[in-house]
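*Asks:* Take a look at this one; I'll ask things after.
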Amino acid sequence: MRDLNYELKQICRRNRDGSYATQRDRERLLALVATQLHELGYRHMAAASLKPKHVDALVERWKAEGLTIGTIKNRMAELRWCEVDPLPWTVIGLGLKPRSVSHDRS
């Protein structure tokens, strides 16, 4: 198992925030993030070594995959949940538009 995968899994297991489904989804998403960073060429990473350049690379990959803005923002929320060293990861700083709410009244 890669270092980042292992550390993120341990963070999830130590911090049991949310329902069982939320915990499972968070652990799976963070494992996906670690795998994608490895595929992007970032090797031998630790949870404390996540930097804005890594987040930028992930966001660019997700945009290239055609994921919606909402999906990207949800993934960012999970990254912020597990961050060891608080980083100024904002939606606008990453070039993402704020969510728009439609008020369909029928």
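If you're wondering about the labels, chains in the structure tokens are A, B, ... by order shown, residues count from 1 in each chain, ligands from 1 in order shown.
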Extract the full set of alpha helix (DSSP H) residues from range 14-69 of chain A according to DSSP on the backbone, and format it as number ranges by chain.
*Replies:* A: 14, 20-39, 52-64, 69
*Asks:* Within 10 Å of Arg26 in chain A, counting only C-alpha atoms, which residues qualify if same-chain residues fewer than 2 places away don't, as an MDAnalysis selection string?
*Replies:* chainID A and resid 8:9 12 17:18 20:24 28:32 75 77:79 81:82
*Asks:* Please produce an output containing N, CA, C and O atoms for each residue in the selection, written as a short mmCIF file (atom, residue, chain, number, x, y, z; two decimals), in the first residue's frame.
*Replies:*
```
data_model
loop_
_atom_site.label_atom_id
_atom_site.label_comp_id
_atom_site.auth_asym_id
_atom_site.auth_seq_id
_atom_site.Cartn_x
_atom_site.Cartn_y
_atom_site.Cartn_z
N LEU A 8 -4.04 8.39 4.73
CA LEU A 8 -5.40 8.91 4.63
C LEU A 8 -6.40 7.91 5.20
O LEU A 8 -7.38 8.30 5.84
N LYS A 9 -6.16 6.62 5.00
CA LYS A 9 -7.03 5.60 5.59
C LYS A 9 -6.97 5.66 7.11
O LYS A 9 -7.99 5.56 7.80
N CYS A 12 -8.95 8.61 8.41
CA CYS A 12 -10.38 8.31 8.38
C CYS A 12 -10.78 7.39 9.53
O CYS A 12 -11.84 7.56 10.14
N ASP A 17 -16.10 10.93 11.96
CA ASP A 17 -17.10 11.96 11.80
C ASP A 17 -18.15 11.50 10.80
O ASP A 17 -17.83 10.99 9.73
N GLY A 18 -19.42 11.71 11.12
CA GLY A 18 -20.49 11.40 10.18
C GLY A 18 -21.03 9.99 10.33
O GLY A 18 -20.59 9.19 11.17
N TYR A 20 -22.07 6.06 9.05
CA TYR A 20 -21.23 4.99 8.50
C TYR A 20 -21.07 5.15 6.99
O TYR A 20 -19.99 4.91 6.45
N ALA A 21 -22.13 5.54 6.33
CA ALA A 21 -22.06 5.74 4.87
C ALA A 21 -21.12 6.89 4.53
O ALA A 21 -20.33 6.80 3.58
N THR A 22 -21.18 7.97 5.30
CA THR A 22 -20.30 9.11 5.07
C THR A 22 -18.85 8.71 5.29
O THR A 22 -17.96 9.07 4.50
N GLN A 23 -18.59 7.96 6.34
CA GLN A 23 -17.23 7.51 6.62
C GLN A 23 -16.70 6.64 5.50
O GLN A 23 -15.55 6.79 5.06
N ARG A 24 -17.53 5.71 5.01
CA ARG A 24 -17.12 4.82 3.92
C ARG A 24 -16.85 5.62 2.65
O ARG A 24 -15.83 5.43 1.98
N ARG A 28 -13.23 6.04 0.67
CA ARG A 28 -13.09 5.65 -0.74
C ARG A 28 -12.63 6.82 -1.59
O ARG A 28 -11.79 6.66 -2.48
N LEU A 29 -13.19 8.01 -1.34
CA LEU A 29 -12.81 9.17 -2.13
C LEU A 29 -11.35 9.55 -1.87
O LEU A 29 -10.61 9.86 -2.80
N LEU A 30 -10.93 9.52 -0.62
CA LEU A 30 -9.55 9.87 -0.31
C LEU A 30 -8.57 8.83 -0.88
O LEU A 30 -7.47 9.19 -1.30
N ALA A 31 -8.98 7.56 -0.94
CA ALA A 31 -8.16 6.55 -1.59
C ALA A 31 -8.06 6.84 -3.09
O ALA A 31 -6.98 6.70 -3.69
N LEU A 32 -9.16 7.28 -3.69
CA LEU A 32 -9.15 7.65 -5.11
C LEU A 32 -8.21 8.83 -5.35
O LEU A 32 -7.43 8.83 -6.31
N ARG A 75 -15.56 16.90 -3.67
CA ARG A 75 -14.26 16.26 -3.46
C ARG A 75 -13.31 17.19 -2.71
O ARG A 75 -12.54 16.75 -1.85
N ALA A 77 -14.20 19.38 -0.53
CA ALA A 77 -14.64 19.39 0.87
C ALA A 77 -14.02 18.23 1.64
O ALA A 77 -13.60 18.39 2.80
N GLU A 78 -13.93 17.06 1.02
CA GLU A 78 -13.31 15.92 1.68
C GLU A 78 -11.81 16.13 1.86
O GLU A 78 -11.24 15.74 2.88
N LEU A 79 -11.18 16.77 0.89
CA LEU A 79 -9.75 17.08 1.05
C LEU A 79 -9.53 18.06 2.20
O LEU A 79 -8.58 17.92 2.98
N TRP A 81 -11.42 18.32 4.78
CA TRP A 81 -11.71 17.59 6.01
C TRP A 81 -10.46 16.92 6.56
O TRP A 81 -10.23 16.92 7.76
N CYS A 82 -9.65 16.34 5.68
CA CYS A 82 -8.51 15.56 6.16
C CYS A 82 -7.21 16.33 6.21
O CYS A 82 -6.19 15.76 6.59
#
```
*Asks:* Counting only C-alpha atoms, which residues of range 14-52 of chain A sit at most 10 Å from some atom of range 56-61 of chain A, and what is each one's closest atom pair with its distance in Å to one decimal, listed by chain and rising residue number, as CSV?
*Replies:*
```
residue,atom,partner,partner_atom,distance
A:Val33,CA,A:Leu58,CA,7.7
A:Ala34,CA,A:Leu58,CA,9.9
A:Gln36,CA,A:Leu58,CA,7.5
A:Leu37,CA,A:Leu58,CA,7.1
A:Leu40,CA,A:Ala57,CA,7.9
A:Lys51,CA,A:Asp56,CA,8.9
A:Pro52,CA,A:Asp56,CA,6.0
```
*Asks:* Now that the selection is made, can you save its residues with N, CA and C atoms as an mmCIF file, in the first residue's frame?
*Replies:*
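Output file again34.cif is given in full below:
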```cif
data_model
loop_
_atom_site.group_PDB
_atom_site.id
_atom_site.type_symbol
_atom_site.label_atom_id
_atom_site.label_comp_id
_atom_site.auth_asym_id
_atom_site.auth_seq_id
_atom_site.Cartn_x
_atom_site.Cartn_y
_atom_site.Cartn_z
ATOM 1 N N VAL A 33 -8.273 9.823 -4.477
ATOM 2 C CA VAL A 33 -7.404 10.997 -4.600
ATOM 3 C C VAL A 33 -5.935 10.577 -4.526
ATOM 4 N N ALA A 34 -5.606 9.721 -3.563
ATOM 5 C CA ALA A 34 -4.219 9.266 -3.419
ATOM 6 C C ALA A 34 -3.769 8.493 -4.657
ATOM 7 N N GLN A 36 -4.986 8.827 -7.727
ATOM 8 C CA GLN A 36 -4.864 9.761 -8.842
ATOM 9 C C GLN A 36 -3.599 10.593 -8.737
ATOM 10 N N LEU A 37 -3.224 10.992 -7.539
ATOM 11 C CA LEU A 37 -1.964 11.729 -7.376
ATOM 12 C C LEU A 37 -0.777 10.846 -7.775
ATOM 13 N N LEU A 40 -0.555 10.755 -11.415
ATOM 14 C CA LEU A 40 -0.065 12.024 -11.955
ATOM 15 C C LEU A 40 1.444 12.194 -11.759
ATOM 16 N N LYS A 51 0.017 19.847 -0.915
ATOM 17 C CA LYS A 51 0.232 21.276 -1.143
ATOM 18 C C LYS A 51 -0.730 21.768 -2.223
ATOM 19 N N PRO A 52 -0.829 23.081 -2.395
ATOM 20 C CA PRO A 52 -1.733 23.615 -3.429
ATOM 21 C C PRO A 52 -1.431 23.096 -4.830
#
```
*Asks:* Please compute the CA of Ala48 in chain A-CA of Asn15 in chain A distance, one decimal, in Å.
*Replies:*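 Value for the CA of Ala48 in chain A-CA of Asn15 in chain A distance: 16.1 Å.
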*Asks:* How many Å separate CA of Leu67 in chain A from CA of Asp25 in chain A?
*Replies:*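 Straight-line distance from CA of Leu67 in chain A to CA of Asp25 in chain A works out to 17.3 Å.
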*Asks:* Using only C-alpha atoms, which of the listed residues (A:Ile11, A:Tyr42, A:Arg2, A:Trp62) sits closest to Glu83 in chain A?
*Replies:*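 Nearest candidate to Glu83 in chain A out of A:Ile11, A:Tyr42, A:Arg2, A:Trp62: A:Ile11.
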*Asks:* When you draw a straight line from CA of Ala47 in chain A to CA of Met76 in chain A, how long is it in Å?
*Replies:*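 Computing it gives 14.8 Å between the two atoms.
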